[in-house]
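Notes follow once the structure below has been shown.
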Amino acid sequence: MIPIGLRRHRVDVSNPTRTADGDGGYTDSWSAASPASMWARIEPATASVIERVVGNTIEAPISHIVTMPYHPGITTKSRLSKDGTYYSVRGVQDVDLRHVELVLACEVLPS
């Protein structure tokens with residue numbers, strides 16, 4: 001488990017939602033997860049970090065690794081944000097399967 005002092009970034013967690021638009025269609029948007037924000041560690045995804053964290057299980061581009069307390073609402077459809085930068089979650093790893101800590105393989109979304 002990563003020491004709490006290394007979790008220096010406050011990130012907001014959101015998930016996609018669909019809302020009926022009244023004309024038979026839907027509007028896709030983002031809604032805050034519960035809890036909506038958490039402290040996390042964000043580090044650039046070097047080749048060695050990716051290998052250590054996710055091995056060869058993810059084929060999507062990865063730019064950052066985010067380590068944070070366990071959050072039951074985070075999936076590969078979730079999005080994190082910090083200071084106007086958005087991170088798309090590409091992989092989710094429950095570190096020891098005890099629901100204590102998550103390691104997320106993320107890609108920075110273009111602005």
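Chains: A, B, ... in order of the structure tokens. Residues: from 1 per chain. Ligands: from 1, in order shown.
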*Would you please give, as an MDAnalysis selection string, all residues of chain A that DSSP assigns to strand (DSSP E or B) based on the backbone?*
chainID A and resid 9:20 26:44 64:69 79:82 85:94 101:108
Counting only C-alpha atoms, what is within 12 Å of Asp94 in chain A, bar same-chain residues fewer than 6 positions away, as a short mmCIF file (atom, residue, chain, number, x, y, z; two decimals) with C-alpha atoms, in the first residue's frame?
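The file below, out_2.cif, is the result:
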```cif
data_model
loop_
_atom_site.label_atom_id
_atom_site.label_comp_id
_atom_site.auth_asym_id
_atom_site.auth_seq_id
_atom_site.Cartn_x
_atom_site.Cartn_y
_atom_site.Cartn_z
CA MET A 1 0.00 0.00 0.00
CA VAL A 53 1.58 -2.58 -12.52
CA VAL A 54 -0.34 -4.09 -15.41
CA THR A 67 -2.78 5.00 -7.19
CA MET A 68 -5.64 5.74 -4.81
CA PRO A 69 -7.79 4.22 -2.08
CA TYR A 70 -10.30 1.63 -3.27
CA HIS A 71 -13.37 3.16 -4.93
CA PRO A 72 -16.16 0.74 -5.90
CA ILE A 74 -14.35 3.14 -10.80
CA THR A 75 -14.37 1.11 -14.00
CA VAL A 100 -8.00 -1.31 0.04
CA GLU A 101 -6.17 0.31 -2.87
CA LEU A 102 -6.57 0.68 -6.64
CA VAL A 103 -3.93 1.16 -9.29
CA LEU A 104 -5.34 2.71 -12.46
CA ALA A 105 -3.73 2.74 -15.87
#
```
*Contacts of Arg41 in chain A within 7 Å, only C-alpha atoms, excl. fewer than 5 positions in-chain, as a PyMOL selection string*: chain A and resi 6-9+66-68
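Running DSSP on the backbone gives alpha helix (DSSP H) for these residues within range 9-110 of chain A: Ala47, Ser48, Val49, Ile50, Glu51, Arg52, Val53 and Val54 of chain A.
For the choices A:Thr19, A:Ser78, A:Ser31, A:Ser14, the atom-to-atom distance to Val92 in chain A is smallest for A:Ser78 when using only C-alpha atoms.
Compared by their closest atoms to Trp30 in chain A, and using only C-alpha atoms, the residues A:Ser111, A:Thr46, A:Gln93, A:Ser81 rank with A:Ser81 nearest.
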*Tell me, as a PyMOL selection string, which residues lie within 10 Å of range 82-84 of chain A, counting only C-alpha atoms; anything in the same chain fewer than 2 positions away does not count.*
chain A and resi 9-13+37+42+80+86-87+111
Store the residues picked out above in a file with N, CA, C and O atoms, as a PDB file, in the first residue's frame.
```
ATOM      1  N   HIS A   9      -2.365  14.469  -4.922  1.00  0.00           N
ATOM      2  CA  HIS A   9      -3.260  15.047  -5.923  1.00  0.00           C
ATOM      3  C   HIS A   9      -4.717  14.738  -5.579  1.00  0.00           C
ATOM      4  O   HIS A   9      -5.077  13.588  -5.378  1.00  0.00           O
ATOM      5  N   ARG A  10      -5.523  15.780  -5.545  1.00  0.00           N
ATOM      6  CA  ARG A  10      -6.961  15.601  -5.310  1.00  0.00           C
ATOM      7  C   ARG A  10      -7.607  15.410  -6.681  1.00  0.00           C
ATOM      8  O   ARG A  10      -7.545  16.300  -7.534  1.00  0.00           O
ATOM      9  N   VAL A  11      -8.203  14.246  -6.914  1.00  0.00           N
ATOM     10  CA  VAL A  11      -8.825  13.961  -8.208  1.00  0.00           C
ATOM     11  C   VAL A  11     -10.332  13.815  -8.042  1.00  0.00           C
ATOM     12  O   VAL A  11     -10.808  13.346  -7.018  1.00  0.00           O
ATOM     13  N   ASP A  12     -11.047  14.253  -9.057  1.00  0.00           N
ATOM     14  CA  ASP A  12     -12.500  14.082  -9.101  1.00  0.00           C
ATOM     15  C   ASP A  12     -12.804  12.865  -9.961  1.00  0.00           C
ATOM     16  O   ASP A  12     -12.214  12.676 -11.023  1.00  0.00           O
ATOM     17  N   VAL A  13     -13.735  12.044  -9.513  1.00  0.00           N
ATOM     18  CA  VAL A  13     -14.109  10.813 -10.199  1.00  0.00           C
ATOM     19  C   VAL A  13     -15.494  10.990 -10.801  1.00  0.00           C
ATOM     20  O   VAL A  13     -16.424  11.429 -10.119  1.00  0.00           O
ATOM     21  N   SER A  37     -14.541  12.862  -4.912  1.00  0.00           N
ATOM     22  CA  SER A  37     -13.122  13.185  -5.047  1.00  0.00           C
ATOM     23  C   SER A  37     -12.326  12.446  -3.983  1.00  0.00           C
ATOM     24  O   SER A  37     -12.831  12.135  -2.905  1.00  0.00           O
ATOM     25  N   ILE A  42      -0.326  10.455  -8.760  1.00  0.00           N
ATOM     26  CA  ILE A  42      -0.314  10.414 -10.220  1.00  0.00           C
ATOM     27  C   ILE A  42       1.145  10.440 -10.653  1.00  0.00           C
ATOM     28  O   ILE A  42       1.892  11.341 -10.264  1.00  0.00           O
ATOM     29  N   LEU A  80     -11.160  10.547 -14.563  1.00  0.00           N
ATOM     30  CA  LEU A  80     -10.645  11.323 -13.437  1.00  0.00           C
ATOM     31  C   LEU A  80     -10.302  12.712 -13.944  1.00  0.00           C
ATOM     32  O   LEU A  80      -9.949  12.881 -15.114  1.00  0.00           O
ATOM     33  N   TYR A  86      -8.011  15.817 -17.846  1.00  0.00           N
ATOM     34  CA  TYR A  86      -8.868  14.645 -17.732  1.00  0.00           C
ATOM     35  C   TYR A  86      -8.082  13.386 -18.064  1.00  0.00           C
ATOM     36  O   TYR A  86      -7.308  13.356 -19.013  1.00  0.00           O
ATOM     37  N   TYR A  87      -8.306  12.348 -17.258  1.00  0.00           N
ATOM     38  CA  TYR A  87      -7.649  11.060 -17.428  1.00  0.00           C
ATOM     39  C   TYR A  87      -8.721   9.999 -17.670  1.00  0.00           C
ATOM     40  O   TYR A  87      -9.612   9.824 -16.844  1.00  0.00           O
ATOM     41  N   SER A 111      -7.222  18.152 -24.691  1.00  0.00           N
ATOM     42  CA  SER A 111      -8.054  19.275 -24.206  1.00  0.00           C
ATOM     43  C   SER A 111      -8.960  19.783 -25.277  1.00  0.00           C
ATOM     44  O   SER A 111      -8.733  19.759 -26.406  1.00  0.00           O
TER      45      SER A 111
END
```
*Length of the CA of His99 in chain A to CA of Ile2 in chain A vector [Å]*: 13.8 Å
_Give me the residues near Arg90 in chain A as number ranges by chain, where near means some atom within 7 Å (using only C-alpha atoms) and where sequence neighbours in that chain fewer than 5 positions away do not count._
A: 60, 76, 105-107
*When distances are computed from only C-alpha atoms, which of A:Pro44, A:Ile62, A:Gly91, A:Gly73 shows the smallest separation from Asn15 in chain A?*
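With only C-alpha atoms as the atom set, the closest residue is A:Gly73.
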